[in-house]
>>> print(open('start-v8.txt').read())   # compact mmCIF, C-alpha atoms
# COMPACT_ATOMS: atom_id res chain seq x y z
CA MET A 1 0.00 0.00 0.00
CA THR A 2 1.34 3.41 -0.91
CA SER A 3 1.64 6.11 1.71
CA PRO A 4 2.26 9.86 1.52
CA GLY A 5 5.59 10.46 -0.14
CA ASP A 6 6.00 7.00 -1.71
CA ALA A 7 7.56 7.10 -5.14
CA GLY A 8 4.98 6.43 -7.81
CA ALA A 9 2.05 6.91 -5.44
CA ALA A 10 -1.25 7.28 -7.28
CA ARG A 11 -3.27 10.46 -7.35
CA PRO A 12 -5.82 10.57 -4.53
CA GLN A 13 -8.56 10.25 -7.17
CA ASP A 14 -7.10 6.87 -8.19
CA ASN A 15 -7.95 5.44 -4.77
CA ILE A 16 -11.67 5.50 -5.62
CA THR A 17 -12.80 2.00 -6.61
CA GLU A 18 -15.96 0.49 -8.05
CA ALA A 19 -16.71 -1.01 -4.65
CA HIS A 20 -16.72 2.47 -3.11
CA VAL A 21 -19.06 3.79 -5.80
CA LYS A 22 -21.42 0.83 -5.44
CA ALA A 23 -21.57 1.31 -1.68
CA ALA A 24 -22.54 4.97 -2.06
CA LEU A 25 -25.06 4.19 -4.81
CA THR A 26 -26.75 1.53 -2.66
CA VAL A 27 -27.18 3.92 0.26
CA ASP A 28 -28.44 6.65 -2.07
CA LYS A 29 -30.74 4.74 -4.45
CA GLY A 30 -31.35 1.43 -2.69
CA SER A 31 -30.20 -2.14 -3.14
CA GLU A 32 -32.12 -2.51 -6.41
CA ALA A 33 -29.92 0.03 -8.17
CA ASP A 34 -27.30 -1.55 -10.46
CA LEU A 35 -24.11 0.33 -11.28
CA VAL A 36 -23.55 0.58 -15.05
CA SER A 37 -20.47 2.83 -15.25
CA TRP A 38 -18.68 5.58 -13.39
CA SER A 39 -15.90 8.11 -13.91
CA VAL A 40 -14.06 10.73 -11.86
CA LYS A 41 -14.79 14.32 -12.83
CA ASP A 42 -12.56 16.95 -11.19
CA PHE A 43 -14.26 20.32 -10.88
CA THR A 44 -12.39 22.42 -8.32
CA HIS A 45 -9.45 24.77 -8.79
CA LYS A 46 -6.38 25.83 -6.86
CA GLY A 47 -7.52 27.87 -3.89
CA ASP A 48 -10.78 25.94 -3.52
CA ASN A 49 -9.36 23.12 -1.36
CA TYR A 50 -6.75 23.00 1.38
CA ALA A 51 -6.98 20.16 3.91
CA THR A 52 -8.51 17.64 1.51
CA ILE A 53 -8.98 16.97 -2.20
CA VAL A 54 -12.55 17.43 -3.44
CA THR A 55 -13.60 15.76 -6.66
CA SER A 56 -16.75 14.17 -8.06
CA VAL A 57 -17.86 10.83 -9.46
CA SER A 58 -20.31 10.74 -12.36
CA VAL A 59 -22.46 7.59 -12.23
CA LYS A 60 -24.73 5.71 -14.62
CA PHE A 61 -27.03 3.15 -13.04
CA SER A 62 -30.15 1.17 -13.82
CA LEU A 63 -33.22 1.02 -11.61
CA ALA A 64 -36.62 -0.47 -12.36
CA GLY A 65 -35.59 -1.11 -15.95
CA GLN A 66 -34.50 2.46 -16.63
CA GLU A 67 -30.97 3.81 -17.03
CA ARG A 68 -30.33 6.92 -14.99
CA THR A 69 -27.47 9.18 -13.94
CA THR A 70 -26.32 10.87 -10.77
CA SER A 71 -23.20 12.40 -9.31
CA TYR A 72 -21.41 12.38 -5.94
CA VAL A 73 -18.91 14.75 -4.42
CA VAL A 74 -16.00 12.85 -2.91
CA LYS A 75 -13.56 14.18 -0.30
CA LEU A 76 -10.17 12.47 -0.45
CA ASN A 77 -6.97 12.30 1.56
CA PRO A 78 -4.57 14.49 -0.48
CA MET A 79 -1.63 12.16 0.31
CA ARG A 80 0.75 15.06 0.93
CA PRO A 81 4.27 13.88 1.77
CA PHE A 82 4.55 15.30 5.30
CA LEU A 83 4.17 12.93 8.25
CA ASP A 84 2.53 15.43 10.61
CA PHE A 85 0.12 16.57 7.91
CA ALA A 86 -0.79 12.94 7.26
CA VAL A 87 -1.69 12.51 10.94
CA PHE A 88 -3.78 15.69 10.82
CA THR A 89 -5.56 14.56 7.66
CA GLN A 90 -6.47 11.21 9.18
CA ALA A 91 -7.81 13.00 12.27
CA ILE A 92 -10.11 15.31 10.33
CA PHE A 93 -11.54 12.44 8.29
CA TYR A 94 -12.47 10.68 11.52
CA LYS A 95 -13.98 13.93 12.82
CA GLU A 96 -16.10 14.54 9.74
CA ALA A 97 -17.19 10.91 9.54
CA GLU A 98 -18.30 11.11 13.17
CA PHE A 99 -20.22 14.30 12.48
CA PHE A 100 -22.21 12.80 9.59
CA GLU A 101 -22.75 9.37 11.08
CA GLU A 102 -23.34 10.20 14.76
CA ILE A 103 -23.71 13.90 15.55
CA LEU A 104 -25.81 15.16 12.63
CA PRO A 105 -28.63 12.58 13.04
CA LEU A 106 -28.98 13.57 16.69
CA LEU A 107 -29.01 17.29 15.89
CA ASN A 108 -31.57 16.81 13.12
CA ALA A 109 -33.77 14.71 15.39
CA GLU A 110 -33.89 17.59 17.88
CA LEU A 111 -35.00 19.95 15.12
CA THR A 112 -37.44 17.80 13.17
CA VAL A 113 -39.30 16.51 16.21
CA ARG A 114 -40.23 20.15 16.85
CA GLY A 115 -41.38 20.75 13.30
CA LEU A 116 -38.19 22.52 12.21
CA GLN A 117 -36.17 21.77 9.08
CA GLY A 118 -33.05 19.67 9.51
CA LEU A 119 -29.67 21.33 9.16
CA ARG A 120 -28.74 22.46 5.69
CA VAL A 121 -25.83 20.18 4.88
CA ALA A 122 -25.14 17.73 2.09
CA LYS A 123 -26.49 14.19 2.46
CA TRP A 124 -23.86 11.66 3.51
CA PHE A 125 -23.68 8.34 1.65
CA TYR A 126 -20.46 6.49 2.39
CA THR A 127 -17.15 6.69 4.27
CA SER A 128 -13.97 4.67 3.90
CA LEU A 129 -11.31 5.21 6.56
CA GLU A 130 -8.58 3.01 5.10
CA LYS A 131 -5.34 4.63 6.24
CA ASP A 132 -3.90 7.15 3.78
CA LYS A 133 -6.83 6.48 1.42
CA GLU A 134 -9.64 8.03 3.44
CA MET A 135 -12.68 9.23 1.50
CA ILE A 136 -16.22 10.46 2.11
CA PHE A 137 -19.02 10.32 -0.50
CA LEU A 138 -21.56 13.14 -0.22
CA GLU A 139 -24.50 14.55 -2.14
CA ASP A 140 -23.47 16.64 -5.14
CA LEU A 141 -25.24 19.88 -4.28
CA ARG A 142 -24.57 21.25 -7.75
CA LEU A 143 -27.45 19.04 -8.91
CA ARG A 144 -29.76 21.22 -6.81
CA GLY A 145 -28.30 24.47 -8.10
CA PHE A 146 -25.87 25.26 -5.28
CA LYS A 147 -22.55 26.89 -6.08
CA MET A 148 -19.61 28.57 -4.39
CA PHE A 149 -19.45 32.34 -4.03
CA ASP A 150 -16.33 34.03 -5.45
CA ARG A 151 -14.01 34.33 -2.45
CA LYS A 152 -12.27 37.42 -3.88
CA LYS A 153 -15.48 39.48 -3.89
CA GLY A 154 -16.19 39.24 -0.17
CA MET A 155 -19.70 38.29 0.95
CA ASP A 156 -22.35 40.99 1.01
CA VAL A 157 -25.08 41.32 3.66
CA ALA A 158 -27.46 38.87 1.98
CA HIS A 159 -24.89 36.07 1.68
CA ALA A 160 -23.41 36.54 5.13
CA THR A 161 -26.82 36.71 6.81
CA LEU A 162 -27.87 33.36 5.34
CA VAL A 163 -24.70 31.72 6.65
CA LEU A 164 -25.08 33.26 10.11
CA GLN A 165 -28.68 32.08 10.35
CA GLU A 166 -27.66 28.53 9.52
CA LEU A 167 -24.81 28.65 12.00
CA ALA A 168 -27.38 29.77 14.59
CA ARG A 169 -29.50 26.71 13.81
CA LEU A 170 -26.49 24.41 14.16
CA HIS A 171 -25.43 26.03 17.43
CA ALA A 172 -28.92 26.07 18.92
CA ALA A 173 -29.62 22.47 17.89
CA SER A 174 -26.53 21.42 19.81
CA LEU A 175 -27.95 23.01 22.97
CA LEU A 176 -31.21 21.11 22.50
CA LEU A 177 -29.09 17.97 22.21
CA LYS A 178 -27.14 18.91 25.32
CA ALA A 179 -30.42 19.30 27.22
CA THR A 180 -31.13 15.58 26.70
CA ALA A 181 -28.22 14.78 29.05
CA PRO A 182 -27.49 18.07 30.87
CA GLU A 183 -25.12 16.48 33.37
CA GLN A 184 -22.75 15.35 30.60
CA ASP A 185 -20.30 17.59 28.76
CA LEU A 186 -21.39 17.73 25.13
CA ALA A 187 -17.80 17.10 24.02
CA ASP A 188 -17.67 13.87 26.07
CA ARG A 189 -20.54 12.29 24.14
CA PHE A 190 -18.43 11.68 21.05
CA LYS A 191 -15.01 10.16 20.44
CA HIS A 192 -13.36 12.50 17.95
CA ILE A 193 -14.89 15.93 18.52
CA LYS A 194 -12.14 16.88 21.01
CA VAL A 195 -9.38 16.20 18.48
CA ASP A 196 -8.27 19.58 17.24
CA TRP A 197 -5.44 21.70 15.83
CA LEU A 198 -3.47 21.66 19.08
CA ASN A 199 -3.75 18.00 20.10
CA TYR A 200 -3.97 15.82 16.98
CA SER A 201 -0.33 14.74 17.47
CA LYS A 202 2.54 15.20 19.91
CA ASN A 203 4.01 17.82 17.54
CA ALA A 204 0.75 19.67 16.95
CA ARG A 205 1.50 22.79 18.98
CA GLN A 206 4.89 23.27 17.33
CA THR A 207 3.45 22.69 13.87
CA ILE A 208 0.63 25.17 14.40
CA SER A 209 2.94 27.81 15.86
CA GLU A 210 5.32 27.48 12.92
CA MET A 211 2.46 27.63 10.41
CA PHE A 212 0.98 30.81 11.86
CA SER A 213 4.20 32.53 12.97
CA SER A 214 5.53 32.99 9.45
CA HIS A 215 2.29 34.73 8.47
CA PHE A 216 2.42 36.91 11.58
CA ALA A 217 6.02 37.90 10.86
CA ASN A 218 5.01 38.74 7.31
CA ALA A 219 2.06 40.84 8.51
CA GLU A 220 4.30 42.61 11.01
CA GLU A 221 6.63 43.57 8.18
CA LEU A 222 3.73 44.79 6.06
CA LEU A 223 2.46 46.99 8.90
CA HIS A 224 5.86 48.35 9.93
CA ASP A 225 6.02 51.36 7.64
CA ILE A 226 2.33 52.28 7.73
CA GLU A 227 1.54 55.17 10.04
CA GLY A 228 -1.16 54.51 12.62
CA TYR A 229 -0.73 50.74 12.89
CA GLU A 230 1.88 50.66 15.64
CA VAL A 231 -0.51 48.95 18.09
CA ALA A 232 -1.32 46.24 15.57
CA GLU A 233 2.39 45.76 14.83
CA GLN A 234 3.01 45.33 18.56
CA TRP A 235 0.20 42.77 18.74
CA MET A 236 1.87 40.83 15.93
CA ALA A 237 5.26 40.98 17.65
CA LYS A 238 3.71 39.78 20.91
CA HIS A 239 2.06 36.69 19.43
CA LYS A 240 4.20 35.68 16.46
CA ASN A 241 6.39 33.33 18.50
CA ASP A 242 3.48 31.71 20.33
CA CYS A 243 0.56 31.58 17.93
CA ALA A 244 -0.48 28.26 19.45
CA GLY A 245 -0.89 30.05 22.78
CA LEU A 246 -3.11 32.70 21.19
CA PHE A 247 -5.11 29.99 19.43
CA GLU A 248 -5.53 28.08 22.68
CA SER A 249 -6.61 31.16 24.64
CA GLN A 250 -9.34 31.88 22.09
CA LEU A 251 -10.69 28.33 22.38
CA VAL A 252 -10.96 28.34 26.17
CA ARG A 253 -14.43 27.04 26.95
CA THR A 254 -17.06 29.62 27.98
CA PRO A 255 -20.03 27.63 29.40
CA LYS A 256 -22.65 30.23 28.50
CA PHE A 257 -21.58 30.16 24.84
CA ASP A 258 -20.51 26.51 24.48
CA VAL A 259 -22.04 24.93 21.35
CA ILE A 260 -21.06 22.49 18.63
CA CYS A 261 -19.27 24.75 16.14
CA HIS A 262 -18.65 24.25 12.45
CA GLY A 263 -15.00 25.17 13.12
CA ASP A 264 -14.09 26.09 9.54
CA CYS A 265 -16.96 28.24 8.29
CA TRP A 266 -15.64 30.58 5.63
CA ASN A 267 -16.46 31.44 2.03
CA ASN A 268 -15.24 28.18 0.46
CA ASN A 269 -17.07 25.97 2.96
CA VAL A 270 -20.57 27.21 2.18
CA LEU A 271 -22.62 26.92 -1.03
CA PHE A 272 -25.52 29.09 -2.16
CA ARG A 273 -28.63 28.63 -4.28
CA TYR A 274 -29.99 31.67 -6.15
CA ASN A 275 -33.35 32.82 -7.50
CA ASP A 276 -34.02 34.17 -11.00
CA GLU A 277 -32.87 37.62 -9.88
CA ASP A 278 -29.51 36.11 -8.82
CA GLU A 279 -30.28 36.71 -5.14
CA PRO A 280 -29.09 34.09 -2.64
CA VAL A 281 -32.08 32.25 -1.16
CA GLU A 282 -30.56 29.21 0.54
CA VAL A 283 -27.20 28.15 1.96
CA MET A 284 -25.58 24.79 2.62
CA LEU A 285 -22.78 24.24 5.13
CA VAL A 286 -20.02 21.94 3.87
CA ASP A 287 -16.67 20.65 5.19
CA LEU A 288 -17.52 19.87 8.81
CA GLN A 289 -14.06 18.38 9.32
CA LEU A 290 -13.06 20.75 12.14
CA ASN A 291 -16.24 20.63 14.21
CA ARG A 292 -15.67 21.19 17.93
CA VAL A 293 -17.35 22.34 21.13
CA ALA A 294 -16.34 25.97 21.66
CA SER A 295 -17.77 29.46 21.92
CA ALA A 296 -20.28 30.24 19.20
CA ALA A 297 -18.38 33.50 18.72
CA THR A 298 -15.39 31.64 17.26
CA ASP A 299 -17.55 30.60 14.30
CA LEU A 300 -18.93 34.11 13.93
CA ASN A 301 -15.53 35.79 13.94
CA TYR A 302 -14.00 33.18 11.66
CA LEU A 303 -16.72 33.76 9.06
CA LEU A 304 -16.90 37.54 9.25
CA TYR A 305 -13.13 38.13 9.25
CA THR A 306 -12.14 35.66 6.54
CA SER A 307 -15.08 36.15 4.17
CA LEU A 308 -16.09 39.84 4.21
CA HIS A 309 -14.49 43.14 3.34
CA GLY A 310 -13.76 45.29 6.34
CA ASN A 311 -16.26 48.02 5.47
CA ASP A 312 -19.12 45.53 5.15
CA ARG A 313 -18.18 43.83 8.41
CA LYS A 314 -17.78 47.07 10.35
CA ALA A 315 -21.02 48.63 9.06
CA ASN A 316 -23.19 45.57 9.63
CA TRP A 317 -21.82 43.52 12.53
CA ARG A 318 -24.63 44.49 14.91
CA ASP A 319 -27.28 43.58 12.34
CA PHE A 320 -25.45 40.33 11.62
CA LEU A 321 -25.44 39.39 15.29
CA SER A 322 -29.10 40.37 15.68
CA SER A 323 -30.08 38.11 12.77
CA TYR A 324 -28.01 35.29 14.25
CA TYR A 325 -29.54 35.85 17.69
CA ASP A 326 -33.13 35.91 16.42
CA THR A 327 -32.65 32.62 14.56
CA PHE A 328 -30.96 31.02 17.58
CA GLN A 329 -33.81 32.21 19.81
CA GLY A 330 -36.42 30.78 17.43
CA VAL A 331 -34.89 27.31 17.69
CA MET A 332 -34.62 27.53 21.48
CA GLU A 333 -38.25 28.62 21.79
CA ALA A 334 -39.36 25.73 19.58
CA GLY A 335 -37.49 23.43 21.95
CA GLY A 336 -39.01 25.01 25.04
CA ARG A 337 -35.63 26.26 26.25
CA ASP A 338 -34.45 29.65 27.47
CA MET A 339 -31.72 31.58 25.69
CA PRO A 340 -28.37 31.05 27.45
CA PHE A 341 -27.20 34.61 26.71
CA THR A 342 -28.58 38.03 25.86
CA LEU A 343 -27.88 39.94 22.65
CA GLU A 344 -25.69 42.36 24.60
CA GLU A 345 -23.68 39.44 26.01
CA LEU A 346 -23.29 38.07 22.49
CA HIS A 347 -21.90 41.44 21.39
CA GLN A 348 -19.26 41.26 24.12
CA GLU A 349 -18.38 37.63 23.42
CA TYR A 350 -17.99 38.48 19.74
CA LYS A 351 -15.49 41.19 20.68
CA ASN A 352 -13.74 38.84 23.12
CA LYS A 353 -13.11 36.36 20.29
CA MET A 354 -12.14 38.92 17.67
CA GLU A 355 -8.51 37.82 17.77
CA TYR A 356 -9.59 34.36 16.63
CA GLY A 357 -10.96 35.77 13.38
CA ILE A 358 -7.93 38.00 12.89
CA LEU A 359 -5.59 35.05 13.53
CA PHE A 360 -7.03 33.05 10.64
CA SER A 361 -7.61 35.97 8.31
CA THR A 362 -3.97 37.05 8.72
CA MET A 363 -2.95 33.61 7.48
CA THR A 364 -5.37 33.43 4.55
CA VAL A 365 -5.93 36.95 3.21
CA SER A 366 -3.28 36.70 0.47
CA ILE A 367 -4.66 33.40 -0.80
CA ILE A 368 -8.25 34.65 -0.62
CA ILE A 369 -7.44 37.64 -2.82
CA SER A 370 -5.15 35.76 -5.24
CA GLU A 371 -6.17 34.38 -8.60
CA SER A 372 -6.17 30.58 -8.80
CA LYS A 373 -3.18 30.57 -11.15
CA ASP A 374 -1.09 32.45 -8.56
CA ILE A 375 -1.80 30.12 -5.61
CA PRO A 376 1.05 27.71 -4.71
CA ASP A 377 0.60 24.09 -5.75
CA ILE A 378 0.63 22.53 -2.28
CA ASP A 379 -0.49 19.14 -3.57
CA ASN A 380 2.88 18.59 -5.23
CA LEU A 381 4.94 20.36 -2.59
CA LYS A 382 8.00 18.71 -1.05
CA GLU A 383 9.09 19.43 2.51
CA GLU A 384 12.41 20.91 1.41
CA ASP A 385 10.48 23.41 -0.75
CA ILE A 386 8.59 24.96 2.19
CA PRO A 387 11.14 27.74 3.01
CA LYS A 388 11.17 28.82 -0.63
CA LEU A 389 7.36 28.78 -0.71
CA LEU A 390 7.12 30.94 2.41
CA GLU A 391 9.60 33.46 0.96
CA GLU A 392 7.62 33.61 -2.28
CA TYR A 393 4.45 34.15 -0.23
CA ARG A 394 6.15 36.99 1.67
CA GLN A 395 7.30 38.71 -1.50
CA LYS A 396 3.90 38.28 -3.12
CA SER A 397 2.16 39.81 -0.09
CA LEU A 398 4.53 42.79 -0.14
CA GLY A 399 3.77 43.27 -3.81
CA MET A 400 0.03 43.03 -3.23
CA MET A 401 0.23 45.61 -0.45
CA LYS A 402 1.86 48.05 -2.87
CA ASN A 403 -0.09 47.27 -6.05
CA ASN A 404 -3.44 45.67 -5.14
CA PRO A 405 -5.87 48.12 -3.50
CA LEU A 406 -8.28 45.26 -2.75
CA PHE A 407 -5.63 43.44 -0.73
CA ARG A 408 -4.49 46.60 1.03
CA SER A 409 -8.04 47.49 2.04
CA ARG A 410 -8.95 44.01 3.22
CA PHE A 411 -5.65 43.47 5.04
CA LEU A 412 -5.60 46.79 6.88
CA ALA A 413 -9.27 46.49 7.85
CA LEU A 414 -8.36 43.54 10.09
CA TYR A 415 -6.15 45.70 12.25
CA ASP A 416 -8.32 48.83 12.15
CA GLU A 417 -10.84 46.89 14.23
CA LEU A 418 -8.16 45.43 16.47
CA ILE A 419 -6.87 48.92 17.20
CA GLN A 420 -10.39 50.21 17.87
CA LEU A 421 -11.07 47.33 20.26
CA GLY A 422 -7.89 48.15 22.14
CA ALA A 423 -8.86 51.80 22.40
CA ASN A 424 -12.24 50.88 23.90
CA ASN A 425 -11.09 48.06 26.14
CA CYS A 426 -9.58 48.63 29.56
CA ASN A 427 -7.47 45.48 29.00
CA ASN A 428 -5.60 47.06 26.12
CA ILE A 429 -4.49 44.63 23.42
CA LYS A 430 -0.90 45.83 23.71
>>> encode(input="start-v8.txt", output="structure tokens")
Amino acid sequence: MTSPGDAGAARPQDNITEAHVKAALTVDKGSEADLVSWSVKDFTHKGDNYATIVTSVSVKFSLAGQERTTSYVVKLNPMRPFLDFAVFTQAIFYKEAEFFEEILPLLNAELTVRGLQGLRVAKWFYTSLEKDKEMIFLEDLRLRGFKMFDRKKGMDVAHATLVLQELARLHAASLLLKATAPEQDLADRFKHIKVDWLNYSKNARQTISEMFSSHFANAEELLHDIEGYEVAEQWMAKHKNDCAGLFESQLVRTPKFDVICHGDCWNNNVLFRYNDEDEPVEVMLVDLQLNRVASAATDLNYLLYTSLHGNDRKANWRDFLSSYYDTFQGVMEAGGRDMPFTLEELHQEYKNKMEYGILFSTMTVSIIISESKDIPDIDNLKEEDIPKLLEEYRQKSLGMMKNNPLFRSRFLALYDELIQLGANNCNNIK
């Protein structure tokens, strides 16, 4: 069996077999469906996927004497040749499999028994957890008209509001689930939900610190010569050598706000369906591979800082949180439960977790703004190439700061809000 880094290892797509396709087809269409043919159809681009490879399988099958077609989206282990990354990849496949097979049915049961719609996520059909060849077969939401929003544009109010409302339903449903066994920590009810960035391996903290620190050092350099950003530069200097510590502090459990979080809710992990006027009318959450129990505000900050332009976030954050709160409250009322926090408390918790959103947006802003052709090919990256890649990333970011007004605006907006928070907070961020 090949493993990450083996010479001549197949593409991840080549690990899909007819047996896998048949298993998914049987769950989807029933045991009477007969597989006729199938083929892999790649449809994503550089910049669309990071932790996994996402492809699709086009299927012909016969049922009740008629030949029909369907399609599945398949998430695959990317087989990248780094040992620690391989451990992380295996961990997130176990996490996402657990979410679809164990957590999601319980959450949906809490909603549907009260006459509410189940969570808006793709249907799950099949999982294989063979080491280094992990894969998950899911509904192809393109068949229902869902598509990804252009990450470079930045979500507007309509798109962001739909996502926040669905996050509220996920978060609130987890509290209804918690209420079925209130004496038990929600995170203790499942095996893999506690596995996270900082504990997936013995080297996890070092790996995460190294991954984030280079981006922080780069951001510090970008801010150095810009008047008015001295506080933000000091924040970067303070945390760049212990990004894992900052990450950990932002994930400290806050009982009043503890929910099951998506954990990776940004532009590329949601899909939208549009009406004839090209207005978004429905959202689907995808890529639940980093689900965890944490403050709801970590999901909110992650989304709003990675996926919106600063002006849109700053002008609308109160309305965003009100929409989120109203949806959350509606689910709790349907379940006969009281709200665990007020809107004002949510405002403060959102501010308390702001650094979480800035942490991830600092790391991703250059990639989010870049064209697909300019994004590094991490699928064919070798470990010895990493220093060169990081230097290229640094130089590209410097160039974008000078020549790309979209990057400059979106990058600086992160720290405008950080500076404002520090000015209004007695525990100054410096």
>>> closest_atom_pairs(input="start-v8.txt", of="stretch 84-118 of chain A", to="stretch 166-178 of chain A", cutoff="7 Å", atoms="all atoms listed in the file", output="JSON lines")
{"residue": "A:Leu107", "atom": "CA", "partner": "A:Ala173", "partner_atom": "CA", "distance": 5.6}
{"residue": "A:Glu110", "atom": "CA", "partner": "A:Leu176", "partner_atom": "CA", "distance": 6.4}
{"residue": "A:Leu111", "atom": "CA", "partner": "A:Ala173", "partner_atom": "CA", "distance": 6.6}
>>> closest_residue(input="start-v8.txt", among="A:Val73, A:Leu406, A:Leu321, A:Leu271", to="A:Ile136", atoms="all atoms listed in the file")
A:Val73
>>> closest_residue(input="start-v8.txt", among="A:His215, A:Arg189, A:Lys22, A:His262", to="A:Gln289", atoms="all atoms listed in the file")
A:His262
>>> atom_distance(input="start-v8.txt", atom1="atom CA of A:Ala315", atom2="atom CA of A:Leu346")
17.2 Å
>>> closest_residue(input="start-v8.txt", among="A:Pro405, A:Val331, A:Gly357, A:Gln206", to="A:Arg114", atoms="all atoms listed in the file")
A:Val331
>>> closest_residue(input="start-v8.txt", among="A:Thr180, A:Ser39, A:Asn269, A:Ser213", to="A:Leu303", atoms="all atoms listed in the file")
A:Asn269
>>> closest_residue(input="start-v8.txt", among="A:Asn316, A:Thr161, A:Ser71, A:Asn311", to="A:Asp416", atoms="all atoms listed in the file")
A:Asn311
>>> residues_around(input="start-v8.txt", residues="stretch 124-126 of chain A", least_positions_apart="6", cutoff="6 Å", atoms="only C-alpha atoms", output="MDAnalysis selection string")
chainID A and resid 24 27 136:138
>>> residues_around(input="start-v8.txt", residues="A:Ser201", least_positions_apart="4", cutoff="9 Å", atoms="all atoms listed in the file", output="PyMOL selection string")
chain A and resi 84+87-88+197+205
>>> residues_around(input="start-v8.txt", residues="A:Met284", least_positions_apart="4", cutoff="9 Å", atoms="only C-alpha atoms", output="list in words")
Leu119, Arg120, Val121, Ala122, Leu141, Phe146, Val163, Glu166, Asn269, Val270, Leu271, Phe272 and Arg273 of chain A
>>> write_last_selection(input="start-v8.txt", atoms="C-alpha atoms", output="compact mmCIF listing (two decimals), in the coordinates of the input")
# COMPACT_ATOMS: atom_id res chain seq x y z
CA LEU A 119 -29.67 21.33 9.16
CA ARG A 120 -28.74 22.46 5.69
CA VAL A 121 -25.83 20.18 4.88
CA ALA A 122 -25.14 17.73 2.09
CA LEU A 141 -25.24 19.88 -4.28
CA PHE A 146 -25.87 25.26 -5.28
CA VAL A 163 -24.70 31.72 6.65
CA GLU A 166 -27.66 28.53 9.52
CA ASN A 269 -17.07 25.97 2.96
CA VAL A 270 -20.57 27.21 2.18
CA LEU A 271 -22.62 26.92 -1.03
CA PHE A 272 -25.52 29.09 -2.16
CA ARG A 273 -28.63 28.63 -4.28
>>> closest_residue(input="start-v8.txt", among="A:Met79, A:Phe216, A:Glu248, A:Gln165", to="A:Asp326", atoms="only C-alpha atoms")
A:Gln165
>>> atom_distance(input="start-v8.txt", atom1="atom CA of A:Gln184", atom2="atom CA of A:Glu102")
16.7 Å
>>> atom_distance(input="start-v8.txt", atom1="atom CA of A:Thr89", atom2="atom CA of A:Lys133")
10.3 Å
>>> residues_around(input="start-v8.txt", residues="A:Lys353", least_positions_apart="5", cutoff="12 Å", atoms="all atoms listed in the file", output="PDB file with C-alpha atoms, in the coordinates of the input")
ATOM      1  CA  LEU A 246      -3.110  32.700  21.190  1.00  0.00           C
ATOM      2  CA  PHE A 247      -5.110  29.990  19.430  1.00  0.00           C
ATOM      3  CA  GLU A 248      -5.530  28.080  22.680  1.00  0.00           C
ATOM      4  CA  SER A 249      -6.610  31.160  24.640  1.00  0.00           C
ATOM      5  CA  GLN A 250      -9.340  31.880  22.090  1.00  0.00           C
ATOM      6  CA  LEU A 251     -10.690  28.330  22.380  1.00  0.00           C
ATOM      7  CA  VAL A 252     -10.960  28.340  26.170  1.00  0.00           C
ATOM      8  CA  ARG A 253     -14.430  27.040  26.950  1.00  0.00           C
ATOM      9  CA  THR A 254     -17.060  29.620  27.980  1.00  0.00           C
ATOM     10  CA  PHE A 257     -21.580  30.160  24.840  1.00  0.00           C
ATOM     11  CA  ALA A 294     -16.340  25.970  21.660  1.00  0.00           C
ATOM     12  CA  SER A 295     -17.770  29.460  21.920  1.00  0.00           C
ATOM     13  CA  ALA A 296     -20.280  30.240  19.200  1.00  0.00           C
ATOM     14  CA  ALA A 297     -18.380  33.500  18.720  1.00  0.00           C
ATOM     15  CA  THR A 298     -15.390  31.640  17.260  1.00  0.00           C
ATOM     16  CA  ASP A 299     -17.550  30.600  14.300  1.00  0.00           C
ATOM     17  CA  LEU A 300     -18.930  34.110  13.930  1.00  0.00           C
ATOM     18  CA  ASN A 301     -15.530  35.790  13.940  1.00  0.00           C
ATOM     19  CA  TYR A 302     -14.000  33.180  11.660  1.00  0.00           C
ATOM     20  CA  LEU A 304     -16.900  37.540   9.250  1.00  0.00           C
ATOM     21  CA  TYR A 305     -13.130  38.130   9.250  1.00  0.00           C
ATOM     22  CA  LEU A 346     -23.290  38.070  22.490  1.00  0.00           C
ATOM     23  CA  HIS A 347     -21.900  41.440  21.390  1.00  0.00           C
ATOM     24  CA  GLN A 348     -19.260  41.260  24.120  1.00  0.00           C
ATOM     25  CA  ILE A 358      -7.930  38.000  12.890  1.00  0.00           C
ATOM     26  CA  LEU A 359      -5.590  35.050  13.530  1.00  0.00           C
ATOM     27  CA  PHE A 360      -7.030  33.050  10.640  1.00  0.00           C
ATOM     28  CA  LEU A 418      -8.160  45.430  16.470  1.00  0.00           C
ATOM     29  CA  LEU A 421     -11.070  47.330  20.260  1.00  0.00           C
TER      30      LEU A 421
END
>>> axis_aligned_box(input="start-v8.txt", around="stretch 397-406 of chain A", padding_each_side="5 Å", output="lines of an AutoDock Vina configuration file")
center_x = -1.9
center_y = 44.0
center_z = -3.1
size_x = 22.8
size_y = 18.3
size_z = 16.0
